[in-house]
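Dumped structure_1.cif below, it's mmCIF, C-alpha atoms and all ligand atoms:
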data_target
loop_
_atom_site.label_atom_id
_atom_site.label_comp_id
_atom_site.auth_asym_id
_atom_site.auth_seq_id
_atom_site.Cartn_x
_atom_site.Cartn_y
_atom_site.Cartn_z
CA ALA N 243 -10.96 13.87 -1.97
CA PHE N 244 -8.97 15.82 -4.54
CA ASP N 245 -8.50 19.53 -3.96
CA GLU N 246 -8.34 20.85 -7.50
CA THR N 247 -7.13 24.23 -6.31
CA GLY N 248 -3.95 22.57 -5.06
CA LYS N 249 -0.53 22.01 -6.61
CA ILE N 250 1.18 18.91 -7.91
CA TRP N 251 4.95 18.32 -8.05
CA PHE N 252 5.68 17.53 -11.70
CA ASN N 253 9.29 16.88 -12.80
CA GLY N 254 10.73 19.20 -10.19
CA GLU N 255 8.16 22.01 -10.33
CA LEU N 256 5.04 22.68 -8.31
CA VAL N 257 2.35 23.23 -10.94
CA ASP N 258 -1.36 24.00 -10.75
CA TRP N 259 -3.57 20.92 -10.41
CA LYS N 260 -5.11 21.44 -13.88
CA ASP N 261 -1.69 21.75 -15.51
CA ALA N 262 -0.37 18.40 -14.28
CA GLN N 263 -1.13 16.68 -17.59
CA ILE N 264 0.49 14.26 -20.01
CA HIS N 265 0.05 13.46 -23.67
CA VAL N 266 -2.37 10.65 -24.61
CA LEU N 267 0.42 8.95 -26.55
CA SER N 268 2.64 8.67 -23.47
CA HIS N 269 4.12 5.19 -23.16
CA VAL N 270 2.49 4.62 -19.77
CA VAL N 271 -1.02 5.06 -21.16
CA HIS N 272 -0.55 2.21 -23.62
CA TYR N 273 1.73 -0.24 -21.84
CA GLY N 274 1.26 0.46 -18.16
CA SER N 275 4.88 1.56 -17.68
CA SER N 276 4.79 3.10 -14.22
CA VAL N 277 5.98 2.46 -10.68
CA PHE N 278 4.53 4.24 -7.70
CA GLU N 279 4.20 4.57 -3.94
CA GLY N 280 1.46 5.25 -1.43
CA ILE N 281 2.51 7.05 1.74
CA ARG N 282 0.59 8.69 4.57
CA CYS N 283 1.18 11.92 6.45
CA TYR N 284 -0.45 12.09 9.90
CA ASP N 285 -1.43 15.28 11.72
CA THR N 286 0.28 14.77 15.08
CA GLU N 287 0.41 17.09 18.10
CA ASN N 288 3.98 17.87 17.10
CA GLY N 289 3.00 18.80 13.56
CA PRO N 290 2.39 16.82 10.36
CA ALA N 291 4.62 13.74 10.11
CA VAL N 292 5.18 11.51 7.09
CA PHE N 293 5.33 7.84 8.03
CA ARG N 294 8.44 5.92 6.89
CA LEU N 295 9.09 8.30 4.00
CA LYS N 296 12.62 7.09 3.23
CA ASP N 297 11.53 3.45 3.29
CA HIS N 298 8.82 4.19 0.74
CA MET N 299 11.28 6.03 -1.49
CA LYS N 300 13.70 3.11 -1.27
CA ARG N 301 10.93 0.78 -2.42
CA LEU N 302 10.13 3.19 -5.28
CA GLU N 303 13.77 2.99 -6.37
CA ASP N 304 13.69 -0.80 -6.14
CA SER N 305 10.52 -0.98 -8.24
CA ALA N 306 12.11 1.33 -10.82
CA LYS N 307 15.31 -0.72 -10.88
CA VAL N 308 13.44 -3.91 -11.78
CA TYR N 309 11.97 -2.13 -14.81
CA ARG N 310 15.30 -0.44 -15.66
CA MET N 311 13.87 3.02 -15.09
CA ASP N 312 16.38 5.64 -13.96
CA ILE N 313 14.66 8.08 -11.61
CA PRO N 314 16.34 11.44 -12.27
CA TYR N 315 16.16 12.48 -8.58
CA THR N 316 17.94 11.24 -5.49
CA ARG N 317 16.08 9.70 -2.59
CA ASN N 318 16.73 12.82 -0.59
CA GLU N 319 15.39 15.08 -3.34
CA LEU N 320 12.22 13.02 -3.56
CA CYS N 321 11.73 13.14 0.22
CA GLU N 322 12.17 16.92 0.18
CA ALA N 323 9.77 17.16 -2.78
CA VAL N 324 7.13 15.31 -0.76
CA LYS N 325 7.51 17.79 2.08
CA ASP N 326 7.39 20.77 -0.31
CA THR N 327 4.21 19.40 -1.87
CA ILE N 328 2.54 18.94 1.51
CA ASN N 329 3.61 22.42 2.59
CA ILE N 330 2.40 24.26 -0.47
CA ASN N 331 -0.94 22.47 -0.32
CA ASN N 332 -1.35 23.48 3.29
CA ILE N 333 -2.57 20.05 4.26
CA ARG N 334 -1.79 18.40 7.60
CA SER N 335 -3.05 14.90 7.06
CA CYS N 336 -2.94 13.27 3.64
CA TYR N 337 -2.18 10.38 1.34
CA ILE N 338 0.91 10.92 -0.81
CA ARG N 339 1.22 9.43 -4.27
CA PRO N 340 4.63 9.55 -5.99
CA VAL N 341 4.54 7.99 -9.46
CA VAL N 342 7.36 7.52 -11.97
CA PHE N 343 6.42 6.65 -15.53
CA ARG N 344 7.57 6.50 -19.13
CA GLY N 345 6.32 9.52 -21.00
CA TYR N 346 5.83 10.80 -24.53
CA LYS N 347 8.25 10.23 -27.39
CA GLU N 348 7.38 7.13 -29.41
CA LEU N 349 5.20 4.05 -29.14
CA GLY N 350 6.00 0.36 -29.41
CA VAL N 351 6.68 -1.99 -26.54
CA TYR N 352 10.38 -1.08 -26.26
CA PRO N 353 10.29 1.59 -23.58
CA MET N 354 13.83 2.81 -23.15
CA ASN N 355 13.68 5.84 -25.46
CA CYS N 356 10.75 7.46 -23.69
CA PRO N 357 11.48 10.08 -21.03
CA ILE N 358 11.05 9.25 -17.36
CA GLU N 359 8.54 11.52 -15.68
CA THR N 360 8.13 11.98 -11.94
CA VAL N 361 5.02 13.22 -10.16
CA ILE N 362 4.02 13.68 -6.52
CA ALA N 363 0.42 14.41 -5.59
CA VAL N 364 -1.23 14.66 -2.17
CA TRP N 365 -4.85 14.57 -1.09
CA ALA N 366 -6.97 13.92 1.98
CA TRP N 367 -7.98 10.26 2.11
CA GLY N 368 -10.02 8.75 4.93
CA GLN N 369 -10.57 5.10 5.70
CA TYR N 370 -9.83 3.18 2.51
CA LEU N 371 -12.07 0.19 3.25
CA GLY N 372 -15.05 2.19 4.51
CA GLU N 373 -16.06 4.23 7.55
CA ASP N 374 -16.49 1.40 10.03
CA ALA N 375 -13.75 -0.85 8.68
CA LEU N 376 -11.15 -0.20 11.38
CA GLU N 377 -13.56 -0.95 14.23
CA GLN N 378 -16.15 -3.33 12.86
CA GLY N 379 -14.04 -5.26 10.39
CA ILE N 380 -14.95 -6.11 6.82
CA ASP N 381 -16.48 -8.97 4.86
CA VAL N 382 -14.17 -10.29 2.16
CA CYS N 383 -14.04 -13.10 -0.39
CA THR N 384 -11.37 -15.22 -1.99
CA SER N 385 -10.88 -14.05 -5.56
CA SER N 386 -11.07 -16.36 -8.53
CA TRP N 387 -8.24 -14.26 -9.97
CA ARG N 388 -4.79 -15.24 -8.75
CA LYS N 389 -1.67 -13.18 -8.25
CA MET N 390 0.80 -13.25 -11.14
CA ALA N 391 3.17 -16.21 -11.13
CA PRO N 392 6.68 -15.13 -10.10
CA ASP N 393 8.05 -15.50 -13.63
CA THR N 394 5.30 -13.43 -15.26
CA MET N 395 5.17 -10.06 -13.48
CA PRO N 396 7.34 -9.11 -10.50
CA ASN N 397 5.01 -8.89 -7.50
CA LEU N 398 7.66 -7.18 -5.38
CA ALA N 399 7.80 -4.21 -7.74
CA LYS N 400 4.98 -1.76 -7.05
CA ALA N 401 4.18 -1.24 -10.72
CA GLY N 402 0.98 0.29 -12.04
CA SER N 403 0.43 -2.66 -14.36
CA ASN N 404 0.20 -5.08 -11.40
CA TYR N 405 -2.98 -3.30 -10.46
CA MET N 406 -4.78 -4.54 -13.57
CA ASN N 407 -4.61 -7.89 -11.77
CA SER N 408 -5.74 -6.26 -8.52
CA GLN N 409 -8.58 -4.48 -10.32
CA LEU N 410 -10.03 -7.77 -11.56
CA ALA N 411 -10.12 -9.06 -8.00
CA LYS N 412 -11.47 -5.80 -6.59
CA ILE N 413 -14.26 -5.60 -9.16
CA GLU N 414 -15.14 -9.24 -8.48
CA ALA N 415 -15.36 -8.54 -4.75
CA THR N 416 -17.47 -5.42 -5.17
CA THR N 417 -19.79 -7.00 -7.74
CA ASN N 418 -20.50 -9.83 -5.31
CA GLY N 419 -21.11 -7.51 -2.37
CA TYR N 420 -17.76 -7.85 -0.57
CA LYS N 421 -15.45 -5.05 0.53
CA GLU N 422 -12.24 -6.68 -0.66
CA SER N 423 -10.71 -9.81 -2.17
CA ILE N 424 -8.03 -12.09 -0.85
CA MET N 425 -5.91 -13.24 -3.78
CA LEU N 426 -4.19 -16.61 -3.85
CA ASN N 427 -0.86 -16.91 -5.60
CA TYR N 428 0.09 -19.24 -8.43
CA GLU N 429 0.75 -22.08 -5.98
CA GLY N 430 -2.78 -21.62 -4.69
CA THR N 431 -1.70 -20.48 -1.24
CA VAL N 432 -2.57 -17.14 0.35
CA GLY N 433 -1.07 -14.03 -1.24
CA GLU N 434 -2.58 -10.72 -0.23
CA GLY N 435 -5.44 -8.29 -0.75
CA THR N 436 -5.71 -6.14 -3.88
CA GLY N 437 -3.86 -3.36 -2.04
CA GLU N 438 -3.09 -4.89 1.37
CA ASN N 439 -0.98 -7.56 3.01
CA ILE N 440 -2.75 -10.07 5.23
CA PHE N 441 -2.09 -11.46 8.72
CA PHE N 442 -3.84 -13.95 10.94
CA VAL N 443 -3.68 -14.81 14.62
CA GLU N 444 -3.78 -18.37 15.91
CA ASP N 445 -3.13 -19.42 19.51
CA GLY N 446 -1.64 -16.02 20.29
CA GLU N 447 0.88 -16.05 17.43
CA LEU N 448 0.85 -14.04 14.22
CA TYR N 449 1.24 -15.40 10.72
CA THR N 450 1.67 -13.68 7.36
CA PRO N 451 2.61 -15.04 3.93
CA ASP N 452 6.38 -14.92 3.35
CA ILE N 453 7.85 -12.63 0.71
CA GLY N 454 8.10 -15.56 -1.73
CA SER N 455 4.31 -15.91 -1.70
CA SER N 456 3.88 -13.36 -4.55
CA VAL N 457 3.15 -10.40 -2.30
CA LEU N 458 4.32 -6.83 -1.98
CA LYS N 459 6.88 -6.20 0.73
CA GLY N 460 4.49 -3.94 2.57
CA ILE N 461 5.89 -1.24 4.78
CA THR N 462 2.90 -1.57 7.08
CA ARG N 463 3.54 -5.32 7.05
CA ASN N 464 7.06 -4.66 8.30
CA THR N 465 5.76 -2.11 10.80
CA ILE N 466 3.27 -4.63 12.19
CA ILE N 467 5.88 -7.38 12.45
CA THR N 468 8.12 -4.98 14.37
CA ILE N 469 5.36 -3.77 16.69
CA ALA N 470 4.01 -7.28 17.34
CA GLU N 471 7.43 -8.66 18.19
CA ASP N 472 7.98 -5.73 20.51
CA LEU N 473 4.68 -6.57 22.22
CA GLY N 474 6.00 -10.08 22.75
CA TYR N 475 4.21 -11.92 19.93
CA LYS N 476 5.92 -14.46 17.76
CA VAL N 477 5.44 -13.62 14.07
CA ARG N 478 5.83 -16.35 11.47
CA GLU N 479 6.34 -15.62 7.77
CA GLU N 480 5.43 -18.76 5.87
CA THR N 481 3.33 -20.46 3.21
CA ILE N 482 -0.32 -20.24 4.19
CA PRO N 483 -2.99 -22.60 2.87
CA ARG N 484 -6.29 -20.84 2.35
CA GLU N 485 -8.22 -22.82 4.95
CA ARG N 486 -5.98 -21.61 7.76
CA LEU N 487 -7.61 -18.22 7.37
CA TYR N 488 -11.10 -19.67 7.90
CA THR N 489 -10.10 -21.36 11.14
CA ALA N 490 -7.93 -18.53 12.48
CA ASP N 491 -8.85 -16.66 15.67
CA GLU N 492 -8.40 -13.28 13.99
CA VAL N 493 -7.52 -12.06 10.48
CA PHE N 494 -6.61 -8.55 9.34
CA PHE N 495 -5.32 -6.59 6.37
CA SER N 496 -2.42 -4.14 6.55
CA GLY N 497 -1.49 -1.32 4.21
CA THR N 498 -0.79 2.37 4.00
CA ALA N 499 -4.29 3.14 2.73
CA ALA N 500 -6.09 0.36 4.65
CA GLU N 501 -3.94 0.88 7.79
CA LEU N 502 -4.93 -2.10 9.96
CA SER N 503 -8.36 -3.37 8.95
CA PRO N 504 -9.89 -6.37 10.74
CA ILE N 505 -11.60 -9.03 8.61
CA ARG N 506 -14.76 -10.42 10.17
CA SER N 507 -15.74 -12.93 7.51
CA ILE N 508 -14.19 -14.65 4.50
CA ASP N 509 -16.42 -16.24 1.86
CA LYS N 510 -19.30 -15.83 4.35
CA ILE N 511 -17.48 -17.90 6.97
CA GLN N 512 -17.30 -16.01 10.26
CA ILE N 513 -13.76 -15.44 11.51
CA GLY N 514 -13.37 -15.88 15.27
CA LYS N 515 -16.15 -13.97 17.02
CA GLY N 516 -17.02 -12.07 13.83
CA LYS N 517 -15.58 -8.79 15.06
CA ARG N 518 -12.23 -7.16 15.72
CA GLY N 519 -10.25 -9.49 17.99
CA PRO N 520 -8.14 -8.55 21.01
CA VAL N 521 -4.73 -9.09 19.41
CA THR N 522 -5.80 -7.12 16.33
CA LYS N 523 -6.97 -4.28 18.58
CA GLU N 524 -3.78 -4.24 20.62
CA ILE N 525 -1.58 -4.01 17.51
CA GLN N 526 -3.91 -1.53 15.84
CA ASP N 527 -3.83 0.74 18.93
CA SER N 528 -0.07 0.50 19.03
CA LEU N 529 0.18 1.33 15.31
CA PHE N 530 -2.04 4.40 15.68
CA ASP N 531 -0.11 5.55 18.75
CA ILE N 532 3.09 5.41 16.72
CA VAL N 533 1.85 7.07 13.52
CA ASN N 534 0.10 9.80 15.51
CA ASN N 535 3.22 10.33 17.65
CA LYS N 536 1.30 9.62 20.88
CA VAL N 537 4.32 7.57 21.96
CA GLU N 538 8.02 8.15 21.47
CA ASP N 539 9.16 7.54 17.88
CA LYS N 540 11.74 4.96 18.91
CA TYR N 541 12.23 3.53 15.42
CA GLY N 542 12.70 6.92 13.76
CA TRP N 543 9.72 6.32 11.48
CA LEU N 544 8.30 9.85 11.54
CA ASP N 545 9.56 12.55 9.22
CA PHE N 546 8.18 15.87 10.44
CA ILE N 547 7.29 18.45 7.81
N1 LIG H 601 0.02 -5.31 -1.25
C1 LIG H 601 -0.39 -4.57 -2.29
C2 LIG H 601 -0.76 -5.26 -3.55
C3 LIG H 601 -0.48 -3.17 -2.15
O1 LIG H 601 -0.90 -2.43 -3.19
C4 LIG H 601 -0.16 -2.56 -0.93
C5 LIG H 601 -0.27 -1.07 -0.77
N2 LIG H 601 0.91 -0.42 -1.16
C6 LIG H 601 0.26 -3.37 0.13
C7 LIG H 601 0.34 -4.75 -0.07
C8 LIG H 601 0.64 -2.79 1.45
O2 LIG H 601 1.87 -2.13 1.35
P1 LIG H 601 2.20 -0.89 2.30
O3 LIG H 601 2.01 -1.36 3.68
O4 LIG H 601 3.63 -0.58 1.99
O5 LIG H 601 1.29 0.21 1.94
#
Translate this structure into structure tokens?
Amino acid sequence: AFDETGKIWFNGELVDWKDAQIHVLSHVVHYGSSVFEGIRCYDTENGPAVFRLKDHMKRLEDSAKVYRMDIPYTRNELCEAVKDTININNIRSCYIRPVVFRGYKELGVYPMNCPIETVIAVWAWGQYLGEDALEQGIDVCTSSWRKMAPDTMPNLAKAGSNYMNSQLAKIEATTNGYKESIMLNYEGTVGEGTGENIFFVEDGELYTPDIGSSVLKGITRNTIITIAEDLGYKVREETIPRERLYTADEVFFSGTAAELSPIRSIDKIQIGKGKRGPVTKEIQDSLFDIVNNKVEDKYGWLDFI
């Protein structure tokens, strides 16, 4: 939930929550010109730690590069700004939202004359897919809305406008009584959730759509691939026909907000035993041990505040 007494980092200054405002004629409001990140800070026994902060900032830079946006801060400055924002808000566990957008100057599709604005906000955010999601798993559907074809909108850029596509699929899921949608890509094979990557387990091996499947290069996705391989699992990144999900032993979503959320049914077809499977649990436990610093941070993924 938002803490409106808090501060927001706005173009290099920590301002009061109510003062973090933009003009209604800002370019972003009309044409969706923004790129952003979602990061989590965990309250560990050794103090608050931001998970894979530099990797998220690198992806923010990559997203901005695709849209020819010059972020007026270095990666290091942005990482420090995140820590300053967490500190001043006196929060130990939070979701972190950096967003870079085209601001107020003129309208018209051509964006390059509008100023680039940079914002970092933090707030406490619990389990994104519902209270019981991590343990019980969720019921999802396949969306009738597909991911953007690769030559329409860049799926690898985490741009605000991509989430108009995600919103259609999320609204469809919710309207029909599901927690989340799985979106197919333009080829009709499996893409991802509206804000999550997807994995499945079959015969003790893990599978996830490859990066060419119109998905985001999720940092949790990479984390899970790393953890699973370390645990001795083979992980295959490939093209995935939709029906492989129905017949899989286990399916789960991954994402910063969703963390690792088991899927217990898809389109009302029960997946495996209809609850969190053993491989999912093993990887989920390992993920939570790492983010909460219960085990040694051997990959250097934690950035302590
Ligand atoms: N796909 C989409 C469409 C997303 O919005 C997200 C959340 N950023 C993800 C995948 C997962 O990415 P990450 O693990 O980096 O949060």
Name the residues, by chain letter and number, that sit within 9 Å of ligand LIG 601 (chain H) using all atoms listed in the file, and give them as a CSV table (one decimal) with C-alpha atoms, in the frame of the given file.
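Result written to pocket06.csv:
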chain,number,residue,atom,x,y,z
N,278,PHE,CA,4.5,4.2,-7.7
N,279,GLU,CA,4.2,4.6,-3.9
N,280,GLY,CA,1.5,5.2,-1.4
N,281,ILE,CA,2.5,7.0,1.7
N,282,ARG,CA,0.6,8.7,4.6
N,297,ASP,CA,11.5,3.4,3.3
N,298,HIS,CA,8.8,4.2,0.7
N,301,ARG,CA,10.9,0.8,-2.4
N,397,ASN,CA,5.0,-8.9,-7.5
N,398,LEU,CA,7.7,-7.2,-5.4
N,400,LYS,CA,5.0,-1.8,-7.0
N,404,ASN,CA,0.2,-5.1,-11.4
N,405,TYR,CA,-3.0,-3.3,-10.5
N,408,SER,CA,-5.7,-6.3,-8.5
N,433,GLY,CA,-1.1,-14.0,-1.2
N,434,GLU,CA,-2.6,-10.7,-0.2
N,435,GLY,CA,-5.4,-8.3,-0.8
N,436,THR,CA,-5.7,-6.1,-3.9
N,437,GLY,CA,-3.9,-3.4,-2.0
N,438,GLU,CA,-3.1,-4.9,1.4
N,439,ASN,CA,-1.0,-7.6,3.0
N,440,ILE,CA,-2.8,-10.1,5.2
N,457,VAL,CA,3.2,-10.4,-2.3
N,458,LEU,CA,4.3,-6.8,-2.0
N,459,LYS,CA,6.9,-6.2,0.7
N,460,GLY,CA,4.5,-3.9,2.6
N,461,ILE,CA,5.9,-1.2,4.8
N,462,THR,CA,2.9,-1.6,7.1
N,463,ARG,CA,3.5,-5.3,7.0
N,464,ASN,CA,7.1,-4.7,8.3
N,465,THR,CA,5.8,-2.1,10.8
N,495,PHE,CA,-5.3,-6.6,6.4
N,496,SER,CA,-2.4,-4.1,6.6
N,497,GLY,CA,-1.5,-1.3,4.2
N,498,THR,CA,-0.8,2.4,4.0
N,499,ALA,CA,-4.3,3.1,2.7
N,500,ALA,CA,-6.1,0.4,4.6
N,501,GLU,CA,-3.9,0.9,7.8
**Message:** List as a ChimeraX atom specification the protein and nucleic acid residues near Glu480 in chain N, meaning an atom at most 12 Å away when only C-alpha atoms are counted, but skip any in the same chain fewer than 3 places from it.
**Reply:** /N:431-433,440-442,448-457,477,483,486
**Prompt:** Within 9 Å of Thr522 in chain N, counting all atoms listed in the file, which residues qualify if same-chain residues fewer than 4 places away don't, as an MDAnalysis selection string?
**Reply:** chainID N and resid 442:443 492:494 502:504 518 526:527
Residues at most 12 Å from Asp445 in chain N, counting only C-alpha atoms, excluding those fewer than 6 positions away in the same chain, as a PDB file with C-alpha atoms, keeping the file's coordinate frame?
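Just written: part34.pdb:
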ATOM      1  CA  TYR N 475       4.210 -11.920  19.930  1.00  0.00           C
ATOM      2  CA  LYS N 476       5.920 -14.460  17.760  1.00  0.00           C
ATOM      3  CA  VAL N 477       5.440 -13.620  14.070  1.00  0.00           C
ATOM      4  CA  THR N 489     -10.100 -21.360  11.140  1.00  0.00           C
ATOM      5  CA  ALA N 490      -7.930 -18.530  12.480  1.00  0.00           C
ATOM      6  CA  ASP N 491      -8.850 -16.660  15.670  1.00  0.00           C
ATOM      7  CA  GLU N 492      -8.400 -13.280  13.990  1.00  0.00           C
ATOM      8  CA  GLY N 514     -13.370 -15.880  15.270  1.00  0.00           C
ATOM      9  CA  VAL N 521      -4.730  -9.090  19.410  1.00  0.00           C
TER      10      VAL N 521
END
**Of the listed residues N:Lys325, N:Lys347, N:Arg310, N:Arg294, that which approaches Leu267 in chain N most closely, counting all atoms listed in the file** = N:Lys347
**Item:** Interatomic distance (Å, one decimal) between CA of Lys421 in chain N and CA of Gln369 in chain N
**Value:**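 Distance between the two atoms: 12.4 Å.
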Give me the residues within 9 Å of Phe252 in chain N as a compact mmCIF listing (two decimals) with C-alpha atoms, keeping the file's coordinate frame, counting all atoms listed in the file and dropping any in the same chain fewer than 3 places off.
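And here is the file that came out, out.txt:
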# COMPACT_ATOMS: atom_id res chain seq x y z
CA GLU N 255 8.16 22.01 -10.33
CA LEU N 256 5.04 22.68 -8.31
CA VAL N 257 2.35 23.23 -10.94
CA ALA N 262 -0.37 18.40 -14.28
CA GLU N 359 8.54 11.52 -15.68
CA THR N 360 8.13 11.98 -11.94
CA VAL N 361 5.02 13.22 -10.16
CA ILE N 362 4.02 13.68 -6.52
CA ALA N 363 0.42 14.41 -5.59
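Here CA of Asn332 in chain N is placed at a distance of 27.6 Å from CA of Ser276 in chain N.
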**Which residue of N:Ile469, N:Val271, N:Lys517, N:Asp531 approaches Val351 in chain N most closely, using all atoms listed in the file** =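 Looking at the shortest contact to Val351 in chain N, the residue is N:Val271.
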**Request:** Tell me, as a ChimeraX atom specification, which residues lie within 9 Å of Met390 in chain N, counting all atoms listed in the file; anything in the same chain fewer than 3 positions away does not count.
**Result:** /N:393-397,404,407,427-428,456
**Message:** Just to confirm, what's the straight-line distance from CA of Val277 in chain N to CA of Asp539 in chain N in Å (one decimal)?
**Reply:** 29.2 Å
**Message:** Given only C-alpha atoms as the basis, pick out the residue of N:Trp543, N:Trp251, N:Tyr488, N:Phe293 nearest to Val364 in chain N.
**Reply:**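 Selected residue with least distance to Val364 in chain N: N:Trp251.
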**Item:** Which residue of N:Gly419, N:Pro340, N:Gly379, N:Gly430 approaches Lys523 in chain N most closely, using all atoms listed in the file
**Value:** N:Gly379
**Item:** Shortest interatomic distance to Ile505 in chain N - which of N:Gln263, N:Thr481, N:Asp374, N:Arg388, counting all atoms listed in the file
**Value:**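 The closest residue to Ile505 in chain N is N:Asp374.
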Axis-aligned box over every listed atom of range 315-330 of chain N, padded by 5 Å per side: centre and edges in Å to one decimal, as lines of an AutoDock Vina configuration file?
center_x = 10.2
center_y = 17.0
center_z = -3.0
size_x = 25.5
size_y = 24.6
size_z = 21.2
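Nearest to Trp367 in chain N of all the residues N:Glu414, N:His265, N:Tyr284, N:Leu426 is N:Tyr284, counting all atoms listed in the file.
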